[in-house]
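Participant: mmCIF, C-alpha atoms, saved as work.cif, coming up:
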```cif
data_model
loop_
_atom_site.label_atom_id
_atom_site.label_comp_id
_atom_site.auth_asym_id
_atom_site.auth_seq_id
_atom_site.Cartn_x
_atom_site.Cartn_y
_atom_site.Cartn_z
CA MET J 53 20.99 -75.62 -18.87
CA ILE J 54 18.24 -76.02 -21.49
CA THR J 55 17.46 -72.39 -22.34
CA ASP J 56 15.56 -72.49 -25.64
CA PHE J 57 12.41 -74.05 -24.13
CA PRO J 58 9.90 -72.65 -21.63
CA THR J 59 10.82 -73.39 -18.01
CA ILE J 60 7.83 -75.71 -17.45
CA VAL J 61 8.95 -77.94 -20.33
CA THR J 62 12.57 -78.11 -19.18
CA ASP J 63 11.54 -78.73 -15.58
CA SER J 64 9.14 -81.52 -16.59
CA PHE J 65 11.81 -83.06 -18.77
CA LEU J 66 14.36 -82.98 -15.96
CA VAL J 67 11.91 -84.53 -13.49
CA LEU J 68 11.16 -87.32 -15.96
CA PHE J 69 14.86 -87.82 -16.68
CA GLU J 70 15.61 -87.93 -12.95
CA ALA J 71 12.86 -90.52 -12.39
CA PHE J 72 14.20 -92.56 -15.27
CA LEU J 73 17.73 -92.53 -13.81
CA ILE J 74 16.63 -93.38 -10.26
CA ILE J 75 14.31 -96.23 -11.32
CA GLY J 76 16.92 -97.50 -13.78
CA LEU J 77 19.62 -97.51 -11.12
CA LEU J 78 17.29 -99.24 -8.66
CA ILE J 79 16.62 -102.02 -11.19
CA TYR J 80 20.35 -102.17 -11.83
CA LEU J 81 21.01 -102.62 -8.12
CA VAL J 82 18.71 -105.65 -8.09
CA PHE J 83 20.55 -106.99 -11.13
CA ALA J 84 23.92 -106.52 -9.38
CA LEU J 85 22.59 -108.49 -6.39
CA VAL J 86 21.45 -111.27 -8.72
CA VAL J 87 24.95 -111.32 -10.26
CA VAL J 88 26.51 -111.83 -6.81
CA ARG J 89 24.01 -114.57 -5.93
CA GLN J 90 24.44 -116.30 -9.27
CA THR J 91 28.23 -116.06 -9.15
CA ASN J 92 28.18 -117.81 -5.78
CA GLN J 93 25.94 -120.50 -7.21
CA MET J 94 28.13 -120.92 -10.29
CA THR J 95 31.32 -121.24 -8.25
CA GLU J 96 29.63 -123.83 -6.03
CA THR J 97 28.53 -125.80 -9.10
CA LEU J 98 31.88 -125.63 -10.80
CA GLU J 99 35.24 -124.98 -9.15
CA VAL J 100 38.06 -124.26 -11.54
CA GLY J 101 40.52 -122.46 -9.28
CA PHE J 102 39.42 -118.95 -10.26
CA GLU J 103 36.63 -118.47 -7.73
CA THR J 104 38.15 -115.65 -5.67
CA PRO J 105 38.74 -113.19 -8.59
CA ILE J 106 35.24 -113.91 -9.94
CA LYS J 107 33.64 -113.27 -6.55
CA ILE J 108 35.69 -110.09 -6.06
CA LEU J 109 34.53 -108.91 -9.50
CA ALA J 110 30.87 -109.53 -8.66
CA TRP J 111 31.11 -107.78 -5.27
CA THR J 112 33.00 -104.80 -6.76
CA HIS J 113 30.27 -104.54 -9.39
CA LEU J 114 27.62 -104.45 -6.63
CA PHE J 115 29.49 -101.75 -4.70
CA VAL J 116 29.92 -99.62 -7.83
CA ALA J 117 26.17 -99.94 -8.53
CA LEU J 118 25.40 -99.00 -4.92
CA ALA J 119 27.76 -96.01 -5.07
CA THR J 120 26.19 -94.79 -8.32
CA PHE J 121 22.70 -95.12 -6.84
CA ALA J 122 23.77 -93.17 -3.75
CA ALA J 123 25.44 -90.51 -5.93
CA ALA J 124 22.25 -90.18 -7.98
CA PHE J 125 20.24 -89.69 -4.82
CA VAL J 126 22.57 -86.98 -3.55
CA LEU J 127 23.28 -85.17 -6.83
CA LEU J 128 19.85 -85.20 -8.50
CA MET O 49 43.32 -188.00 -2.21
CA PRO O 50 43.28 -184.77 -4.12
CA GLU O 51 44.46 -181.73 -2.33
CA ILE O 52 41.69 -179.27 -1.78
CA TYR O 53 42.72 -175.69 -1.35
CA ARG O 54 40.21 -173.45 0.34
CA ALA O 55 40.94 -169.83 0.22
CA THR O 56 40.44 -168.03 3.46
CA SER O 57 38.68 -164.70 3.43
CA ALA O 58 42.02 -162.96 3.91
CA THR O 59 43.59 -164.57 0.84
CA LYS O 60 40.41 -163.91 -1.17
CA LYS O 61 40.55 -160.25 -0.22
CA SER O 62 44.21 -159.97 -1.17
CA LYS O 63 43.46 -161.59 -4.54
CA ILE O 64 40.61 -159.14 -5.24
CA THR O 65 42.82 -156.21 -4.25
CA LYS O 66 45.59 -157.53 -6.50
CA ARG O 67 43.12 -157.85 -9.38
CA LYS O 68 41.80 -154.36 -8.79
CA LYS O 69 45.35 -152.99 -8.75
CA THR O 70 46.15 -154.73 -12.02
CA SER O 71 42.94 -153.46 -13.59
CA ALA O 72 43.61 -149.93 -12.47
CA SER O 73 47.11 -150.02 -13.91
CA LYS O 74 45.65 -151.29 -17.19
CA LYS O 75 43.36 -148.30 -17.43
CA VAL O 76 44.75 -146.00 -20.08
CA SER O 77 42.76 -142.99 -18.92
CA SER O 78 44.36 -143.14 -15.47
CA ASP O 79 47.59 -141.73 -16.87
CA PRO O 80 47.75 -138.65 -19.15
CA GLU O 81 50.90 -139.89 -20.89
CA LYS O 82 49.44 -143.34 -21.57
CA LEU O 83 46.29 -141.81 -23.05
CA LYS O 84 48.37 -139.42 -25.16
CA LYS O 85 50.32 -142.33 -26.65
CA THR O 86 47.13 -144.07 -27.79
CA LEU O 87 46.11 -141.07 -29.90
CA GLN O 88 47.18 -140.37 -33.45
CA SER O 89 50.53 -138.63 -33.75
CA SER O 90 48.91 -135.75 -35.65
CA VAL O 91 46.81 -134.78 -32.65
CA GLN O 92 49.38 -135.65 -29.99
CA LYS O 93 51.20 -132.35 -30.53
CA ASN O 94 47.96 -130.46 -29.90
CA ILE O 95 47.64 -131.79 -26.38
CA PRO O 96 48.68 -129.25 -23.76
CA GLU O 97 50.64 -130.19 -20.65
CA PRO O 98 48.51 -131.94 -18.03
CA ASN O 99 47.99 -129.01 -15.68
CA HIS O 100 45.38 -126.39 -15.14
CA LYS O 101 44.98 -122.79 -16.21
CA ALA O 102 41.61 -121.38 -15.24
CA LEU O 103 41.13 -119.20 -18.31
CA ARG O 104 42.29 -121.71 -20.90
CA ALA O 105 39.68 -123.14 -23.26
CA LEU O 106 41.21 -126.62 -23.31
CA ASN O 107 42.59 -128.18 -20.15
CA TYR O 108 44.04 -131.69 -20.27
CA TYR O 109 43.85 -133.53 -16.93
CA PRO O 110 43.09 -130.34 -14.97
CA ASN O 111 43.98 -130.77 -11.31
CA LYS O 112 41.90 -128.04 -9.67
CA VAL O 113 38.48 -128.78 -11.14
CA LYS O 114 35.57 -129.90 -8.99
CA PHE O 115 31.94 -129.92 -9.96
CA VAL O 116 28.56 -130.90 -8.59
CA GLY O 117 27.69 -134.55 -9.13
CA ALA O 118 31.23 -135.78 -9.66
CA ASP O 119 32.22 -139.14 -8.26
CA LYS O 120 35.24 -139.14 -5.91
CA LYS O 121 37.09 -141.67 -8.05
CA GLU O 122 36.19 -139.98 -11.29
CA LYS O 123 39.16 -138.53 -13.14
CA ILE O 124 38.63 -135.39 -15.22
CA ILE O 125 40.34 -135.76 -18.56
CA LEU O 126 39.25 -132.67 -20.45
CA LEU O 127 37.73 -129.36 -19.45
CA LEU O 128 36.51 -127.48 -22.48
CA ARG O 129 34.93 -124.14 -23.12
CA ARG O 130 34.33 -122.13 -26.27
CA HIS O 131 37.41 -121.03 -28.19
CA PRO O 132 38.61 -117.55 -27.06
CA ILE O 133 38.14 -116.21 -30.60
CA THR O 134 34.36 -116.63 -30.12
CA THR O 135 34.52 -113.87 -27.50
CA LEU O 136 35.65 -111.36 -30.12
CA PRO O 137 32.12 -110.14 -31.18
CA TRP O 138 31.08 -109.25 -27.64
CA LEU O 139 34.50 -107.81 -26.83
CA ILE O 140 34.14 -105.46 -29.81
CA THR O 141 30.56 -104.57 -28.79
CA ALA O 142 31.71 -103.90 -25.21
CA SER O 143 34.56 -101.68 -26.44
CA LEU O 144 32.12 -99.72 -28.61
CA MET O 145 29.73 -99.37 -25.68
CA PHE O 146 32.49 -97.99 -23.45
CA ALA O 147 33.63 -95.61 -26.18
CA ALA O 148 30.09 -94.50 -27.15
CA PRO O 149 29.76 -91.49 -24.76
CA TYR O 150 32.80 -89.87 -26.33
CA PHE O 151 31.30 -90.11 -29.84
CA ILE O 152 27.73 -89.30 -28.79
CA SER O 153 28.88 -85.91 -27.51
CA PHE O 154 29.63 -84.95 -31.13
CA PHE O 155 26.06 -85.63 -32.32
CA VAL O 156 23.83 -84.95 -29.31
CA PRO O 157 24.03 -81.60 -27.48
CA THR O 158 24.52 -83.19 -24.06
CA GLU O 159 25.85 -79.90 -22.65
CA THR O 160 22.25 -78.60 -22.58
CA LEU O 161 21.67 -80.87 -19.55
CA PRO O 162 22.80 -79.77 -16.09
CA LEU O 163 26.22 -81.16 -15.15
CA ASN O 164 24.97 -83.43 -12.33
CA TYR O 165 22.47 -85.07 -14.71
CA GLN O 166 25.20 -85.56 -17.28
CA LEU O 167 27.44 -87.18 -14.70
CA ILE O 168 24.81 -89.63 -13.41
CA ALA O 169 23.65 -90.50 -16.94
CA LEU O 170 27.26 -91.20 -17.92
CA MET O 171 27.80 -93.41 -14.84
CA PHE O 172 24.56 -95.24 -15.61
CA TRP O 173 25.71 -95.91 -19.17
CA TYR O 174 29.08 -97.24 -18.00
CA LEU O 175 27.27 -99.50 -15.52
CA ILE O 176 25.12 -100.93 -18.34
CA SER O 177 28.28 -101.50 -20.41
CA LEU O 178 29.92 -103.19 -17.43
CA ALA O 179 26.87 -105.41 -16.89
CA TYR O 180 26.94 -106.50 -20.53
CA THR O 181 30.65 -107.34 -20.36
CA LEU O 182 30.33 -109.15 -17.03
CA GLU O 183 27.35 -111.21 -18.17
CA LYS O 184 29.10 -112.24 -21.40
CA PHE O 185 32.32 -113.12 -19.58
CA LEU O 186 30.54 -115.19 -16.92
CA SER O 187 28.57 -116.96 -19.62
CA TRP O 188 31.79 -117.84 -21.49
CA PHE O 189 33.64 -118.82 -18.35
CA PHE O 190 31.01 -121.08 -16.81
CA ASN O 191 29.63 -122.74 -19.94
CA VAL O 192 31.93 -125.74 -19.91
CA ASN O 193 32.07 -129.28 -21.18
CA ILE O 194 33.76 -131.87 -19.02
CA ILE O 195 34.96 -135.30 -20.07
CA THR O 196 35.82 -137.70 -17.28
CA ASP O 197 36.91 -141.33 -17.49
CA GLU O 198 33.28 -142.35 -16.81
CA ARG O 199 31.00 -139.62 -18.09
CA ILE O 200 30.60 -136.51 -20.19
CA PHE O 201 29.09 -133.35 -18.76
CA ASP O 202 27.60 -130.33 -20.42
CA VAL O 203 27.28 -127.42 -17.99
CA ASP O 204 25.17 -124.59 -19.40
CA PHE O 205 24.47 -121.30 -17.72
CA LEU O 206 21.98 -119.98 -20.24
CA ASN O 207 21.48 -116.71 -18.40
CA LEU O 208 21.92 -115.33 -14.91
CA VAL O 209 18.99 -117.24 -13.47
CA TYR O 210 18.96 -120.47 -15.44
CA ARG O 211 21.46 -123.32 -15.46
CA GLU O 212 21.38 -126.76 -16.97
CA ILE O 213 23.72 -129.68 -16.31
CA THR O 214 23.46 -132.69 -18.59
CA ASP O 215 25.51 -135.85 -18.28
CA ALA O 216 25.79 -139.17 -20.06
CA GLY O 217 27.94 -142.24 -19.42
CA ILE O 218 30.84 -142.94 -21.76
CA ASP O 219 29.29 -146.36 -22.42
CA GLN O 220 26.10 -144.62 -23.59
CA ILE O 221 27.86 -142.78 -26.41
CA GLN O 222 26.70 -144.08 -29.76
CA ASP O 223 28.19 -141.70 -32.24
CA VAL O 224 30.55 -138.72 -32.22
CA THR O 225 30.43 -136.14 -35.00
CA VAL O 226 32.93 -133.34 -35.51
CA ARG O 227 31.68 -130.22 -37.31
CA VAL O 228 34.24 -127.71 -38.53
CA GLY O 229 33.19 -125.23 -41.18
CA GLY O 230 34.06 -121.69 -42.20
CA VAL O 231 37.25 -119.71 -42.49
CA LEU O 232 37.62 -118.74 -38.83
CA ARG O 233 36.96 -122.24 -37.54
CA THR O 234 39.46 -123.77 -39.93
CA MET O 235 42.07 -121.11 -39.22
CA PHE O 236 41.82 -121.32 -35.45
CA ASP O 237 41.06 -125.06 -35.32
CA TYR O 238 37.80 -125.08 -33.42
CA GLY O 239 34.39 -126.59 -34.05
CA ASP O 240 31.40 -128.42 -32.67
CA VAL O 241 31.48 -131.94 -31.30
CA VAL O 242 28.06 -133.58 -31.49
CA ILE O 243 27.64 -136.66 -29.32
CA GLN O 244 24.69 -138.99 -29.86
CA THR O 245 23.89 -140.94 -26.75
CA ALA O 246 21.57 -143.68 -25.57
CA ALA O 247 20.79 -141.62 -22.49
CA GLU O 248 17.54 -139.79 -21.82
CA ILE O 249 18.87 -136.73 -23.61
CA PRO O 250 19.81 -138.16 -27.00
CA GLN O 251 22.31 -135.52 -28.01
CA LEU O 252 25.01 -133.52 -26.31
CA GLU O 253 26.72 -130.73 -28.15
CA PHE O 254 30.04 -129.14 -27.35
CA PHE O 255 29.89 -125.84 -29.23
CA ALA O 256 32.96 -124.15 -30.71
CA VAL O 257 35.48 -126.12 -28.66
CA PRO O 258 39.16 -125.97 -29.56
CA LYS O 259 40.74 -128.96 -31.34
CA PRO O 260 37.54 -130.94 -31.96
CA ASP O 261 39.46 -133.82 -33.58
CA LEU O 262 41.43 -134.34 -30.41
CA VAL O 263 38.22 -134.33 -28.35
CA ALA O 264 36.63 -136.90 -30.68
CA GLN O 265 39.70 -139.14 -30.51
CA ILE O 266 39.85 -139.02 -26.75
CA LEU O 267 36.15 -139.91 -26.62
CA ARG O 268 36.78 -142.84 -28.94
CA GLU O 269 39.63 -144.11 -26.75
CA LEU O 270 37.46 -143.82 -23.67
CA ARG O 271 34.67 -145.74 -25.39
CA VAL O 272 37.09 -148.52 -26.30
CA GLU O 273 38.35 -148.60 -22.73
CA GLU O 274 34.80 -148.73 -21.40
CA GLU O 275 34.00 -151.64 -23.76
CA ILE O 276 37.06 -153.55 -22.49
CA GLU O 277 36.01 -152.84 -18.90
CA LYS O 278 32.52 -154.20 -19.66
CA ILE O 279 33.94 -157.37 -21.18
CA GLU O 280 36.29 -157.88 -18.26
CA GLY O 281 33.44 -157.18 -15.86
CA ARG O 282 35.10 -154.32 -14.03
CA VAL O 283 32.58 -151.59 -14.69
CA ARG O 284 32.35 -149.10 -11.83
#
```
Give the structure from this file in structure tokens form.
Facilitator:
Amino acid sequence: MITDFPTIVTDSFLVLFEAFLIIGLLIYLVFALVVVRQTNQMTETLEVGFETPIKILAWTHLFVALATFAAAFVLL
Amino acid sequence: MPEIYRATSATKKSKITKRKKTSASKKVSSDPEKLKKTLQSSVQKNIPEPNHKALRALNYYPNKVKFVGADKKEKIILLLRRHPITTLPWLITASLMFAAPYFISFFVPTETLPLNYQLIALMFWYLISLAYTLEKFLSWFFNVNIITDERIFDVDFLNLVYREITDAGIDQIQDVTVRVGGVLRTMFDYGDVVIQTAAEIPQLEFFAVPKPDLVAQILRELRVEEEIEKIEGRVR
């Protein structure tokens, strides 16, 4: 814990930091959704025989982002 | 009395089919081996086997490629993307990003934060690093140039929400310029192929593609073939 500063300062800092993380992760979640949508669009535009791994990658990325957001909600 | 031969519709049809078959067999681009033989011997050895590997930067007669706007009869001759060596800068950046938390702990007293905050901040940083890597990889993978026996395509995914597909007919090509400069480009044999066209978009550029001389030669052969087709009146 931050011990060298008065409690009000540390508490305010932690609240700000928490807000930053939550908002950041929320924006990231939207980005991960856009990645999935765009990957689908890309694979429809161009098929090169590597569509399944790319789609799996995009979906895994979305689930990891979702899990991190949920973890932030629970832990912070 | 002179003998007058009138072709019935059936015989006419068979003649047209025969002609079409002969024309098709004449087409050099219909056969990878035939096209290979027309090229200079110095570039022939650079041509990979006519099959398809999804992550390769140069695919000769790829068999699994389909794209929006392609004609059913159109044969894809080359699928090109930037040389793999061009991915090195972002691969290094991504590696540094993933390694950064380890080094940051030496300079910033992160232990002053509660453990749960540290954990979420660390996960957030790794997510940002992952997003950077994913975006760069997708951009490399989907930015392709396609040469078919009829057209050239430039597929650009400039960012996650913007894509641009440009095409021009082979017969519209006016000039092909190969640009290779610098140590890396010379060492790894990659460069830009600039194609001037008579189409609405006057210039198509294939950036940092492998074996640009081979690409230029194939384009030249296709232009010659297209000219012959025009003369013989068998343009599709």
Participant: Could you give me, as a PyMOL selection string, the residues within 9 Å of range 157-165 of chain O, counting only C-alpha atoms and dropping anything in the same chain fewer than 2 positions from it?
Facilitator: (chain J and resi 53-55+66+69-70+73+124+127-128) or (chain O and resi 152-155+167-170)
Participant: Any idea which chain O residues end up within 10 Å of chain J if we count all atoms listed in the file, as a ChimeraX atom specification please?
Facilitator: /O:100-103,110-117,127,158-165,167-169,171-172,175-176,178-179,182-183,186,189-192,203,205,207-211,213
Participant: At what distance in Å, to one decimal, does CA of Asp223 in chain O lie from CA of Gln244 in chain O?
Facilitator: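 The value is 5.0 Å.
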Participant: Which residues are near Val241 in chain O? Cut-off 12 Å, only C-alpha atoms, ignore same chain within fewer than 6 positions. Put them as a ChimeraX atom specification.
Facilitator: /O:128-130,193,202,223-228,251-267
Participant: Given the file shown, determine the residues that the PyMOL selection byres ((chain O and resi 216) around 10) selects; report them as a list in words.
Facilitator: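 Written out, the selection comes to Ile195, Glu198, Arg199, Ile200, Phe201, Asp202, Thr214, Asp215, Gly217, Ile218, Asp219, Gln220, Ile221, Ile243, Gln244, Thr245, Ala246, Ala247, Glu248, Ile249, Pro250, Gln251 and Leu252 of chain O.
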Participant: Using all atoms listed in the file, pick whichever of O:Pro137, O:Pro80, O:Pro149, O:Pro96 has the shortest atom-to-atom distance to Ile125 in chain O.
Facilitator: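 For Ile125 in chain O, the nearest of the given residues is O:Pro80.
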Participant: Just give me the gap between CA of Phe151 in chain O and CA of Trp173 in chain O in Å, one decimal is fine.
Facilitator: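 These two atoms are separated by 13.4 Å.
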